file model.json (JSON, C-alpha atoms)
[["chain", "number", "residue", "atom", "x", "y", "z"],
["A", 78, "MET", "CA", 94.59, 63.47, 112.29],
["A", 79, "SER", "CA", 94.57, 65.63, 109.20],
["A", 80, "ARG", "CA", 95.28, 62.86, 106.71],
["A", 81, "ARG", "CA", 92.72, 60.45, 105.31],
["A", 82, "VAL", "CA", 93.37, 56.83, 104.37],
["A", 83, "LYS", "CA", 91.65, 54.85, 101.62],
["A", 84, "GLU", "CA", 90.22, 51.53, 102.87],
["A", 85, "PHE", "CA", 88.89, 48.62, 100.79],
["A", 86, "VAL", "CA", 86.22, 46.01, 101.53],
["A", 87, "ASP", "CA", 85.94, 43.02, 99.19],
["A", 88, "ILE", "CA", 82.82, 40.90, 98.81],
["A", 89, "GLY", "CA", 83.23, 37.54, 97.07],
["A", 90, "ASP", "CA", 80.96, 36.69, 94.16],
["A", 91, "HIS", "CA", 79.54, 33.52, 95.73],
["A", 92, "VAL", "CA", 76.90, 35.04, 98.00],
["A", 93, "SER", "CA", 73.16, 35.06, 97.68],
["A", 94, "LEU", "CA", 71.33, 38.27, 96.78],
["A", 95, "ASP", "CA", 69.90, 38.59, 100.29],
["A", 96, "GLU", "CA", 73.36, 38.13, 101.85],
["A", 97, "LEU", "CA", 74.80, 40.71, 99.45],
["A", 98, "ILE", "CA", 72.11, 43.28, 100.25],
["A", 99, "GLY", "CA", 72.53, 42.66, 103.98],
["A", 100, "LYS", "CA", 76.30, 43.02, 103.76],
["A", 101, "LEU", "CA", 76.05, 46.24, 101.71],
["A", 102, "VAL", "CA", 73.57, 47.76, 104.19],
["A", 103, "GLU", "CA", 75.83, 46.76, 107.09],
["A", 104, "ILE", "CA", 78.86, 48.33, 105.42],
["A", 105, "ARG", "CA", 76.95, 51.50, 104.51],
["A", 106, "ASP", "CA", 75.73, 51.93, 108.09],
["A", 107, "SER", "CA", 79.26, 51.55, 109.47],
["A", 108, "LEU", "CA", 80.86, 54.14, 107.16],
["A", 109, "PRO", "CA", 81.64, 57.65, 108.40],
["A", 110, "ASP", "CA", 79.57, 60.50, 106.92],
["A", 111, "SER", "CA", 82.42, 61.98, 104.87],
["A", 112, "SER", "CA", 83.70, 58.65, 103.55],
["A", 113, "GLU", "CA", 83.13, 59.28, 99.81],
["A", 114, "ALA", "CA", 82.41, 55.55, 99.32],
["A", 115, "GLU", "CA", 82.61, 53.93, 95.87],
["A", 116, "LEU", "CA", 81.41, 50.49, 94.76],
["A", 117, "ARG", "CA", 83.17, 48.72, 91.88],
["A", 118, "LEU", "CA", 83.05, 45.32, 90.26],
["A", 119, "ARG", "CA", 86.60, 44.01, 89.92],
["A", 120, "GLY", "CA", 88.27, 40.90, 88.58],
["A", 121, "ASP", "CA", 87.87, 38.83, 85.45],
["A", 122, "GLU", "CA", 86.59, 35.50, 84.18],
["A", 123, "VAL", "CA", 89.79, 33.63, 85.07],
["A", 124, "PHE", "CA", 90.33, 34.77, 88.67],
["A", 125, "GLY", "CA", 86.70, 35.54, 89.46],
["A", 126, "ARG", "CA", 84.84, 38.74, 90.13],
["A", 127, "ARG", "CA", 84.33, 40.55, 93.38],
["A", 128, "ILE", "CA", 82.61, 43.70, 94.56],
["A", 129, "THR", "CA", 85.02, 46.19, 96.07],
["A", 130, "ILE", "CA", 83.95, 49.12, 98.21],
["A", 131, "SER", "CA", 86.53, 51.83, 98.75],
["A", 132, "TYR", "CA", 86.12, 54.69, 101.20],
["A", 133, "PHE", "CA", 88.14, 57.28, 103.10],
["A", 134, "ARG", "CA", 88.63, 57.29, 106.85],
["A", 135, "GLU", "CA", 90.73, 59.33, 109.24],
["A", 136, "GLN", "CA", 94.26, 58.11, 109.85],
["A", 137, "THR", "CA", 94.78, 56.51, 113.27],
["A", 138, "ALA", "CA", 97.41, 57.80, 115.70],
["A", 139, "GLU", "CA", 99.42, 54.59, 115.23],
["A", 140, "GLU", "CA", 99.40, 54.98, 111.42],
["A", 141, "ALA", "CA", 100.39, 58.64, 111.69],
["A", 142, "GLU", "CA", 103.30, 57.79, 113.99],
["A", 143, "ARG", "CA", 104.47, 55.00, 111.68],
["A", 144, "GLU", "CA", 104.26, 57.27, 108.64],
["A", 145, "ARG", "CA", 106.18, 60.05, 110.42],
["A", 146, "LYS", "CA", 108.89, 57.56, 111.44],
["A", 147, "TYR", "CA", 109.32, 56.18, 107.93],
["A", 148, "ALA", "CA", 109.20, 59.63, 106.34],
["A", 149, "GLU", "CA", 112.07, 60.75, 108.60],
["A", 150, "GLU", "CA", 114.06, 57.60, 107.83],
["A", 151, "SER", "CA", 113.45, 58.05, 104.11],
["A", 152, "LYS", "CA", 114.62, 61.66, 104.25],
["A", 153, "GLU", "CA", 117.74, 60.69, 106.17],
["A", 154, "ALA", "CA", 118.50, 57.90, 103.67],
["A", 155, "LYS", "CA", 118.15, 60.32, 100.76],
["A", 156, "GLU", "CA", 120.45, 62.82, 102.46],
["A", 157, "ARG", "CA", 123.05, 60.08, 103.08],
["A", 158, "GLU", "CA", 122.83, 58.97, 99.44],
["A", 159, "LEU", "CA", 123.21, 62.57, 98.24],
["A", 160, "GLN", "CA", 126.25, 63.02, 100.49],
["A", 161, "ARG", "CA", 127.77, 59.78, 99.20],
["A", 162, "LEU", "CA", 127.24, 60.80, 95.58],
["A", 163, "GLN", "CA", 128.66, 64.26, 96.20],
["A", 164, "GLU", "CA", 131.79, 62.73, 97.76],
["A", 165, "GLU", "CA", 132.10, 60.22, 94.93],
["A", 166, "LEU", "CA", 131.70, 62.82, 92.18],
["A", 167, "GLY", "CA", 133.41, 65.71, 93.93],
["A", 168, "VAL", "CA", 130.29, 67.83, 93.45],
["A", 169, "VAL", "CA", 129.04, 70.46, 95.86],
["A", 170, "CYS", "CA", 125.41, 71.54, 96.01],
["A", 171, "TYR", "CA", 124.42, 74.91, 97.35],
["A", 172, "ALA", "CA", 121.33, 77.06, 97.27],
["A", 173, "ALA", "CA", 121.36, 79.38, 94.26],
["A", 174, "PRO", "CA", 121.02, 83.06, 95.19],
["A", 175, "GLY", "CA", 117.52, 84.39, 94.64],
["A", 176, "LYS", "CA", 115.99, 80.96, 94.18],
["A", 177, "ARG", "CA", 114.80, 79.55, 97.49],
["A", 178, "GLY", "CA", 114.34, 75.83, 97.81],
["A", 179, "THR", "CA", 116.26, 74.83, 94.68],
["A", 180, "LEU", "CA", 119.71, 73.30, 94.49],
["A", 181, "ARG", "CA", 122.39, 74.13, 91.98],
["A", 182, "ILE", "CA", 125.06, 71.57, 91.23],
["A", 183, "VAL", "CA", 128.56, 72.89, 90.66],
["A", 184, "ALA", "CA", 131.35, 70.63, 89.42]]

call {"tool": "encode", "arguments": {"input": "model.json", "output": "structure tokens"}}
result
Amino acid sequence: MSRRVKEFVDIGDHVSLDELIGKLVEIRDSLPDSSEAELRLRGDEVFGRRITISYFREQTAEEAERERKYAEESKEAKERELQRLQEELGVVCYAAPGKRGTLRIVA
């Protein structure tokens, strides 16, 4: 797994100081070494405040497979939409000579 995923842990604001310290120590001990963890206070007076810890972890095989599947489907959908628009507008796209990877639209 070459990709990393950002995870979040929320801690409600109605815990005692001892519970909070215990929870933070527990979370810290469970984090991977290269997690780049951050702690932030989020929320407001209306909806309440909470402590949020964000960190990076390696992507699981299931997540990687799901992402690959949806990336392929997204690419296919974009290609179908491009084909539909080209047919509707009578426009042909082709690679411009000397410029790799770019498309030139000719009417």

call {"tool": "closest_residue", "arguments": {"input": "model.json", "among": "A:Asp110, A:Gln160, A:Val82, A:Glu96", "to": "Ala141 of chain A", "atoms": "only C-alpha atoms"}}
result
A:Val82

call {"tool": "atom_distance", "arguments": {"input": "model.json", "atom1": "atom CA of Ser107 of chain A", "atom2": "atom CA of Gly125 of chain A"}}
result
26.7 Å

call {"tool": "residues_around", "arguments": {"input": "model.json", "residues": "segment 111-117 of chain A", "least_positions_apart": "5", "cutoff": "7 Å", "atoms": "all atoms listed in the file", "output": "ChimeraX atom specification"}}
result
/A:128-134

call {"tool": "atom_distance", "arguments": {"input": "model.json", "atom1": "atom CA of Lys100 of chain A", "atom2": "atom CA of Gln136 of chain A"}}
result
24.2 Å

call {"tool": "closest_residue", "arguments": {"input": "model.json", "among": "A:Asp121, A:Glu135, A:Asp106, A:Glu142", "to": "Lys83 of chain A", "atoms": "all atoms listed in the file"}}
result
A:Glu135

call {"tool": "atom_distance", "arguments": {"input": "model.json", "atom1": "atom CA of Phe124 of chain A", "atom2": "atom CA of Gly89 of chain A"}}
result
11.3 Å
